[in-house]
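Peer 1: Below is the file start-v6.cif, which contains mmCIF, C-alpha atoms.
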data_structure
#
loop_
_atom_site.label_atom_id
_atom_site.label_comp_id
_atom_site.auth_asym_id
_atom_site.auth_seq_id
_atom_site.Cartn_x
_atom_site.Cartn_y
_atom_site.Cartn_z
CA MET A 1 96.65 -100.93 -42.18
CA ASN A 2 100.00 -99.19 -42.12
CA PHE A 3 101.16 -96.85 -39.37
CA TYR A 4 103.71 -94.09 -40.00
CA SER A 5 105.13 -91.47 -37.69
CA VAL A 6 105.17 -87.79 -38.50
CA ARG A 7 108.92 -88.18 -38.94
CA ASP A 8 108.35 -90.98 -41.50
CA LEU A 9 106.05 -88.67 -43.38
CA ARG A 10 108.80 -86.07 -43.64
CA THR A 11 111.68 -88.42 -44.41
CA ASP A 12 110.09 -91.18 -46.48
CA SER A 13 107.06 -89.60 -48.09
CA LYS A 14 107.54 -91.31 -51.47
CA SER A 15 107.22 -94.77 -49.92
CA ILE A 16 104.23 -93.69 -47.84
CA TRP A 17 102.41 -92.33 -50.91
CA GLU A 18 103.10 -95.54 -52.80
CA ASN A 19 101.77 -97.65 -49.93
CA LEU A 20 98.77 -95.35 -49.54
CA HIS A 21 97.88 -95.81 -53.18
CA ARG A 22 98.32 -99.58 -52.91
CA ASN A 23 96.54 -100.11 -49.55
CA GLY A 24 93.99 -97.30 -49.62
CA GLU A 25 94.66 -95.94 -46.15
CA ALA A 26 97.39 -95.14 -43.64
CA ILE A 27 97.53 -93.90 -40.06
CA ILE A 28 99.90 -91.11 -39.06
CA THR A 29 101.13 -91.19 -35.47
CA ASN A 30 102.60 -88.51 -33.27
CA ASN A 31 104.49 -89.65 -30.17
CA GLY A 32 103.20 -93.17 -30.80
CA LYS A 33 99.54 -92.15 -30.81
CA PRO A 34 97.32 -92.16 -33.90
CA THR A 35 96.57 -88.59 -34.93
CA ALA A 36 95.54 -88.67 -38.60
CA LEU A 37 94.00 -90.96 -41.15
CA MET A 38 95.14 -90.72 -44.76
CA ILE A 39 92.73 -92.10 -47.35
CA ASP A 40 93.54 -92.64 -51.00
CA ILE A 41 90.97 -90.75 -53.07
CA SER A 42 90.56 -89.89 -56.69
CA GLU A 43 89.07 -86.89 -58.37
CA ASP A 44 86.06 -89.04 -59.26
CA ASN A 45 85.20 -90.01 -55.67
CA PHE A 46 86.38 -86.90 -53.80
CA GLU A 47 82.93 -85.54 -52.93
CA ILE A 48 81.59 -88.96 -51.93
CA MET A 49 84.59 -89.60 -49.67
CA MET A 50 84.32 -86.17 -48.05
CA GLN A 51 80.63 -86.74 -47.37
CA ALA A 52 81.35 -90.18 -45.87
CA VAL A 53 84.09 -88.78 -43.61
CA ARG A 54 81.82 -85.95 -42.43
CA GLN A 55 79.01 -88.40 -41.71
CA ALA A 56 81.37 -90.65 -39.75
CA LYS A 57 82.65 -87.71 -37.69
CA ALA A 58 79.09 -86.57 -36.98
CA MET A 59 78.09 -90.06 -35.89
CA ILE A 60 81.10 -90.32 -33.57
CA THR A 61 80.20 -86.95 -32.03
CA PHE A 62 76.57 -88.01 -31.63
CA ASN A 63 77.54 -91.32 -30.01
CA ASN A 64 79.90 -89.52 -27.62
CA MET A 65 77.11 -87.13 -26.67
CA ARG A 66 74.73 -90.03 -26.03
CA SER A 67 77.30 -91.81 -23.88
CA ARG A 68 77.97 -88.71 -21.79
CA ALA A 69 74.26 -88.02 -21.45
CA ALA A 70 73.63 -91.57 -20.27
CA ALA A 71 76.43 -91.28 -17.73
CA ASN A 72 75.68 -87.74 -16.55
CA GLY A 73 72.00 -87.24 -17.21
CA PHE A 74 70.42 -85.22 -19.95
CA MET A 75 72.13 -82.21 -21.50
CA THR A 76 70.63 -78.75 -21.62
CA ASP A 77 69.99 -77.06 -24.97
CA GLU A 78 73.01 -74.85 -24.35
CA GLU A 79 75.25 -77.88 -23.77
CA ILE A 80 73.97 -79.54 -26.94
CA ASN A 81 74.63 -76.40 -28.98
CA ALA A 82 78.12 -76.10 -27.49
CA GLU A 83 78.88 -79.71 -28.49
CA ILE A 84 77.64 -79.09 -32.03
CA GLU A 85 79.77 -75.94 -32.33
CA ALA A 86 82.86 -77.77 -31.02
CA ALA A 87 82.36 -80.57 -33.56
CA ARG A 88 81.98 -78.08 -36.39
CA LYS A 89 85.21 -76.33 -35.40
CA GLU A 90 87.07 -79.67 -35.44
CA GLY A 91 85.86 -80.42 -38.97
#
As structure tokens - that is how I would like this structure written.
Peer 2:
Amino acid sequence: MNFYSVRDLRTDSKSIWENLHRNGEAIITNNGKPTALMIDISEDNFEIMMQAVRQAKAMITFNNMRSRAAANGFMTDEEINAEIEAARKEG
């Protein structure tokens, strides 16, 4: 997997796009920390890829909620709804 800074994306985008097409994915960093995932998609698999990404994000959110609940006790309905709303806003 290739890592590129935000600066690389601005200054060497042609090379990044070529590598993305060849390798299928790239990580964009900001101040040395990963902040974005770029995935090579085609028109044919766009909907499938979007669905897969949304499912992965939902699963991460769910797992985070379970971990916090295990550490802090059960969440109230209001807390659960707030978590769901926050996840939807991120997506």
Peer 1: Hey, can you check how far CA of Asp8 (chain A) sits from CA of Thr29 (chain A)?
Peer 2: 9.4 Å
Peer 1: Emit as JSON the padded axis-aligned box for all listed atoms of region 9-17 of chain A, 3 Å per side, with centre and edge lengths in Å to one decimal.
Peer 2:
{"center_x": 107.0, "center_y": -90.4, "center_z": -47.4, "size_x": 15.3, "size_y": 14.7, "size_z": 14.1}
Peer 1: Neighbouring residues of region 53-60 of chain A were defined as those with any atom within 12 Å, considering all atoms listed in the file; residues of the same chain fewer than 6 positions away were excluded. Please report them as an NGL selection string.
Peer 2: :A and (37-39 or 41 or 46-47 or 66-67 or 83-91)
Peer 1: Would you output that residue set with C-alpha atoms, as a PDB file, in the frame of the given file?
Peer 2:
ATOM      1  CA  LEU A  37      94.000 -90.960 -41.150  1.00  0.00           C
ATOM      2  CA  MET A  38      95.140 -90.720 -44.760  1.00  0.00           C
ATOM      3  CA  ILE A  39      92.730 -92.100 -47.350  1.00  0.00           C
ATOM      4  CA  ILE A  41      90.970 -90.750 -53.070  1.00  0.00           C
ATOM      5  CA  PHE A  46      86.380 -86.900 -53.800  1.00  0.00           C
ATOM      6  CA  GLU A  47      82.930 -85.540 -52.930  1.00  0.00           C
ATOM      7  CA  ARG A  66      74.730 -90.030 -26.030  1.00  0.00           C
ATOM      8  CA  SER A  67      77.300 -91.810 -23.880  1.00  0.00           C
ATOM      9  CA  GLU A  83      78.880 -79.710 -28.490  1.00  0.00           C
ATOM     10  CA  ILE A  84      77.640 -79.090 -32.030  1.00  0.00           C
ATOM     11  CA  GLU A  85      79.770 -75.940 -32.330  1.00  0.00           C
ATOM     12  CA  ALA A  86      82.860 -77.770 -31.020  1.00  0.00           C
ATOM     13  CA  ALA A  87      82.360 -80.570 -33.560  1.00  0.00           C
ATOM     14  CA  ARG A  88      81.980 -78.080 -36.390  1.00  0.00           C
ATOM     15  CA  LYS A  89      85.210 -76.330 -35.400  1.00  0.00           C
ATOM     16  CA  GLU A  90      87.070 -79.670 -35.440  1.00  0.00           C
ATOM     17  CA  GLY A  91      85.860 -80.420 -38.970  1.00  0.00           C
TER      18      GLY A  91
END
Peer 1: What is the distance between CA of Glu79 (chain A) and CA of Lys33 (chain A), in Å to one decimal?
Peer 2: 29.0 Å
Peer 1: How many Å lie between CA of Glu43 (chain A) and CA of Phe62 (chain A), rounded to one decimal?
Peer 2: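 Straight-line distance from CA of Glu43 (chain A) to CA of Phe62 (chain A) works out to 29.5 Å.
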